[in-house]
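> A single structure is presented below for examination.
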Amino acid sequence: MGKMAITGATGQLGGLTIRHLLSKGVAAGNIVGIVRSPENAGALRELGIEIRTGDYDRPETLAEAFAGIEKLLFVSGPSMDNTLRIRQHASVVEAARNAKVGHIAYSGIAFAEKMKLGLENVHLATEYMIRTTGIPFTFLRNGFYLEILVNEGLKGIAASGEIVTSAPNGKMNYATRNDLALAAATVLAGDGFENRVLELTAPEPFTYDEFAAVVSDVAGKPVKHRAVSPEEAVRSMTGAGVPEGMAGFMVHVVYKAIEDGQFGHASRDLKQLIGDGYTTIRQAVTEALNA
Ligand SMILES: NC(=O)c1ccc[n+]([C@@H]2O[C@H](COP(=O)([O-])OP(=O)(O)OC[C@H]3O[C@@H](n4cnc5c(N)ncnc54)[C@H](OP(=O)(O)O)[C@@H]3O)[C@@H](O)[C@H]2O)c1
């Protein structure tokens, strides 16, 4: 097996993918963690993997980072500036082409052609750039992280007995970050994924009513979903301490997209790829409420 590299290795998705690769039996000596900030790579070094510097804003670092790499997991950058992000991603793809990387797996966004959030343009542009290289690819089109709903705040929400949104009917196809990392590791460690586009979402999207019912059941107390106007949803969030910008984004972008049906598209790709490793909403909620 040739060397495989993971960009954004100090990040959550990259770090989890590396741990799944090791669990699958990939030798640490065959894994390269590519990081922007080597000073943050202490925990990765302890895993015995090689660390290389690769900064999307400094293309000269990427040439060295990709030397001798057979398979690359290119984790999309986190910048909120989508125009800048396309330039960063172009640098990564160009460097991978010049280094003659054998296979590029790219973490994009699920059902990109059907999304209207704006950030899908970055992922589609990047996918097309990768196609221009002629390098075999796997597009890991990730659903939104379930952690948006299931996080350390869930205990407080369960205690309050109420989930307030402005998304009365729309469905969500969210999947856990850890499952998406397991999917990425499965593709990197496996064969036969060349030139595939994988839509990595929950196989059965769910509404906020259904989510509240699971939380209620797991918590063993009534938890109801209450749909309100967007203005009231923003007020409810900021009242609970969510910064105004984030509350506005959740309500006017995310809830709106949910109601538009943009997160309602389903695929079995993730379930097929990771099988029993798939985390159901109930499992994720149980883990969060018992943490
Ligand atoms: N599906 C979703 O719901 C969702 C949600 C949020 C984001 N995303 C996307 O998925 C990606 C991975 O998610 P995540 O949870 O792993 O995010 P994360 O924990 O924020 O990790 C992002 C990684 O990108 C690295 N990075 C930032 N700027 C860079 C640059 N100029 N050059 C090289 N590396 C750079 C960071 O390095 P440092 O450690 O040096 O900062 C970090 O390792 C995100 O970057 C974003 O594109 C998806």
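Residue numbering restarts at 1 in every chain; chains get A, B, ... in the order shown in the structure tokens, and ligands count up from 1 in that same order.
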Which residues come within 10 Å of region 154-158 of chain A, counting only C-alpha atoms, excluding same-chain residues fewer than 2 positions away, as a PDB file with N, CA and C atoms, in the first residue's frame?


ATOM      1  N   GLU A 147     -24.051  16.946  14.665  1.00  0.00           N
ATOM      2  CA  GLU A 147     -23.618  17.665  15.878  1.00  0.00           C
ATOM      3  C   GLU A 147     -24.215  19.074  15.947  1.00  0.00           C
ATOM      4  N   LEU A 149     -27.252  19.566  15.863  1.00  0.00           N
ATOM      5  CA  LEU A 149     -28.395  19.338  16.757  1.00  0.00           C
ATOM      6  C   LEU A 149     -27.996  18.623  18.040  1.00  0.00           C
ATOM      7  N   VAL A 150     -27.105  17.669  17.876  1.00  0.00           N
ATOM      8  CA  VAL A 150     -26.763  16.793  19.006  1.00  0.00           C
ATOM      9  C   VAL A 150     -25.385  17.202  19.518  1.00  0.00           C
ATOM     10  N   ASN A 151     -25.388  18.025  20.556  1.00  0.00           N
ATOM     11  CA  ASN A 151     -24.131  18.557  21.079  1.00  0.00           C
ATOM     12  C   ASN A 151     -24.284  18.765  22.586  1.00  0.00           C
ATOM     13  N   GLU A 152     -23.322  19.435  23.178  1.00  0.00           N
ATOM     14  CA  GLU A 152     -23.369  19.565  24.651  1.00  0.00           C
ATOM     15  C   GLU A 152     -24.568  20.399  25.122  1.00  0.00           C
ATOM     16  N   SER A 160     -35.305  21.800  29.330  1.00  0.00           N
ATOM     17  CA  SER A 160     -36.302  22.860  29.127  1.00  0.00           C
ATOM     18  C   SER A 160     -37.619  22.292  28.587  1.00  0.00           C
ATOM     19  N   GLY A 161     -37.569  21.089  28.000  1.00  0.00           N
ATOM     20  CA  GLY A 161     -38.777  20.443  27.490  1.00  0.00           C
ATOM     21  C   GLY A 161     -39.235  20.984  26.151  1.00  0.00           C
ATOM     22  N   GLU A 162     -38.374  21.795  25.505  1.00  0.00           N
ATOM     23  CA  GLU A 162     -38.840  22.445  24.281  1.00  0.00           C
ATOM     24  C   GLU A 162     -37.704  22.671  23.279  1.00  0.00           C
ATOM     25  N   ILE A 163     -37.989  22.376  22.028  1.00  0.00           N
ATOM     26  CA  ILE A 163     -37.060  22.735  20.944  1.00  0.00           C
ATOM     27  C   ILE A 163     -37.801  23.758  20.086  1.00  0.00           C
ATOM     28  N   VAL A 164     -37.234  24.947  19.988  1.00  0.00           N
ATOM     29  CA  VAL A 164     -37.906  26.030  19.251  1.00  0.00           C
ATOM     30  C   VAL A 164     -37.177  26.254  17.927  1.00  0.00           C
ATOM     31  N   ALA A 212     -37.487  15.729  18.213  1.00  0.00           N
ATOM     32  CA  ALA A 212     -37.940  16.008  19.586  1.00  0.00           C
ATOM     33  C   ALA A 212     -38.507  14.742  20.221  1.00  0.00           C
ATOM     34  N   VAL A 215     -35.609  12.700  21.438  1.00  0.00           N
ATOM     35  CA  VAL A 215     -35.011  13.315  22.635  1.00  0.00           C
ATOM     36  C   VAL A 215     -35.907  13.037  23.842  1.00  0.00           C
ATOM     37  N   SER A 216     -37.206  13.194  23.656  1.00  0.00           N
ATOM     38  CA  SER A 216     -38.167  12.974  24.727  1.00  0.00           C
ATOM     39  C   SER A 216     -38.079  11.534  25.235  1.00  0.00           C
ATOM     40  N   VAL A 218     -35.596   9.340  24.914  1.00  0.00           N
ATOM     41  CA  VAL A 218     -34.309   9.024  25.547  1.00  0.00           C
ATOM     42  C   VAL A 218     -34.212   9.722  26.911  1.00  0.00           C
ATOM     43  N   ALA A 219     -34.704  10.968  26.986  1.00  0.00           N
ATOM     44  CA  ALA A 219     -34.627  11.726  28.247  1.00  0.00           C
ATOM     45  C   ALA A 219     -35.647  11.225  29.267  1.00  0.00           C
ATOM     46  N   GLY A 220     -36.702  10.532  28.783  1.00  0.00           N
ATOM     47  CA  GLY A 220     -37.729  10.028  29.694  1.00  0.00           C
ATOM     48  C   GLY A 220     -38.597  11.136  30.250  1.00  0.00           C
ATOM     49  N   LYS A 221     -38.775  12.214  29.461  1.00  0.00           N
ATOM     50  CA  LYS A 221     -39.653  13.314  29.871  1.00  0.00           C
ATOM     51  C   LYS A 221     -40.171  14.017  28.614  1.00  0.00           C
ATOM     52  N   PRO A 222     -41.290  14.726  28.734  1.00  0.00           N
ATOM     53  CA  PRO A 222     -41.831  15.370  27.531  1.00  0.00           C
ATOM     54  C   PRO A 222     -40.878  16.429  26.963  1.00  0.00           C
ATOM     55  N   VAL A 223     -40.561  16.322  25.686  1.00  0.00           N
ATOM     56  CA  VAL A 223     -39.806  17.361  24.972  1.00  0.00           C
ATOM     57  C   VAL A 223     -40.560  17.603  23.670  1.00  0.00           C
ATOM     58  N   LYS A 224     -41.039  18.810  23.492  1.00  0.00           N
ATOM     59  CA  LYS A 224     -41.866  19.133  22.323  1.00  0.00           C
ATOM     60  C   LYS A 224     -41.108  20.063  21.374  1.00  0.00           C
ATOM     61  N   ALA A 240     -31.051  32.471  24.601  1.00  0.00           N
ATOM     62  CA  ALA A 240     -30.372  31.309  25.207  1.00  0.00           C
ATOM     63  C   ALA A 240     -28.852  31.458  25.116  1.00  0.00           C
ATOM     64  N   VAL A 285     -28.243  10.711  20.252  1.00  0.00           N
ATOM     65  CA  VAL A 285     -28.934  11.431  21.327  1.00  0.00           C
ATOM     66  C   VAL A 285     -28.646  10.757  22.665  1.00  0.00           C
ATOM     67  N   ALA A 288     -25.217  11.671  23.819  1.00  0.00           N
ATOM     68  CA  ALA A 288     -25.106  13.076  24.250  1.00  0.00           C
ATOM     69  C   ALA A 288     -25.782  13.302  25.602  1.00  0.00           C
ATOM     70  N   LEU A 289     -26.928  12.664  25.830  1.00  0.00           N
ATOM     71  CA  LEU A 289     -27.644  12.900  27.085  1.00  0.00           C
ATOM     72  C   LEU A 289     -27.012  12.153  28.253  1.00  0.00           C
ATOM     73  N   ASN A 290     -26.228  11.121  27.941  1.00  0.00           N
ATOM     74  CA  ASN A 290     -25.565  10.369  29.019  1.00  0.00           C
ATOM     75  C   ASN A 290     -24.117  10.799  29.241  1.00  0.00           C
ATOM     76  N   ALA A 291     -23.662  11.771  28.459  1.00  0.00           N
ATOM     77  CA  ALA A 291     -22.244  12.167  28.560  1.00  0.00           C
ATOM     78  C   ALA A 291     -21.976  12.875  29.874  1.00  0.00           C
TER      79      ALA A 291
END

> Neighbours of ligand 1 within 6 Å, counting only C-alpha atoms and all ligand atoms, as a list in words?

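Using only C-alpha atoms and all ligand atoms, I find these residues within 6 Å of ligand 1: Gly8, Ala9, Thr10, Gly11, Gln12, Leu13, Gly14, Val35, Arg36, Ser37, Gly54, Asp55, Tyr56, Asp57, Val75, Ser76, Gly77, Pro78, Asn142, Gly143, Phe144 and Tyr145 of chain A.
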
> Give me, as a PyMOL selection string, all polymer residues having an atom no more than 12 Å from Glu60 (chain A), counting only C-alpha atoms and skipping those fewer than 6 positions away in the same chain.

chain A and resi 53-54+66-67+91-92+94-96+98-99

> Which residues are close to Asp276 (chain A), i.e. within 12 Å by only C-alpha atoms, leaving aside same-chain residues fewer than 3 positions away? Reply as JSON, numbers by chain.

{"A": [179, 182, 183, 270, 271, 272, 273, 279, 280]}

> As an exercise, work out the distance from CA of Gly170 (chain A) to CA of Ile148 (chain A) in Å and give it to one decimal place.

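For CA of Gly170 (chain A) relative to CA of Ile148 (chain A), the distance reads 15.8 Å.
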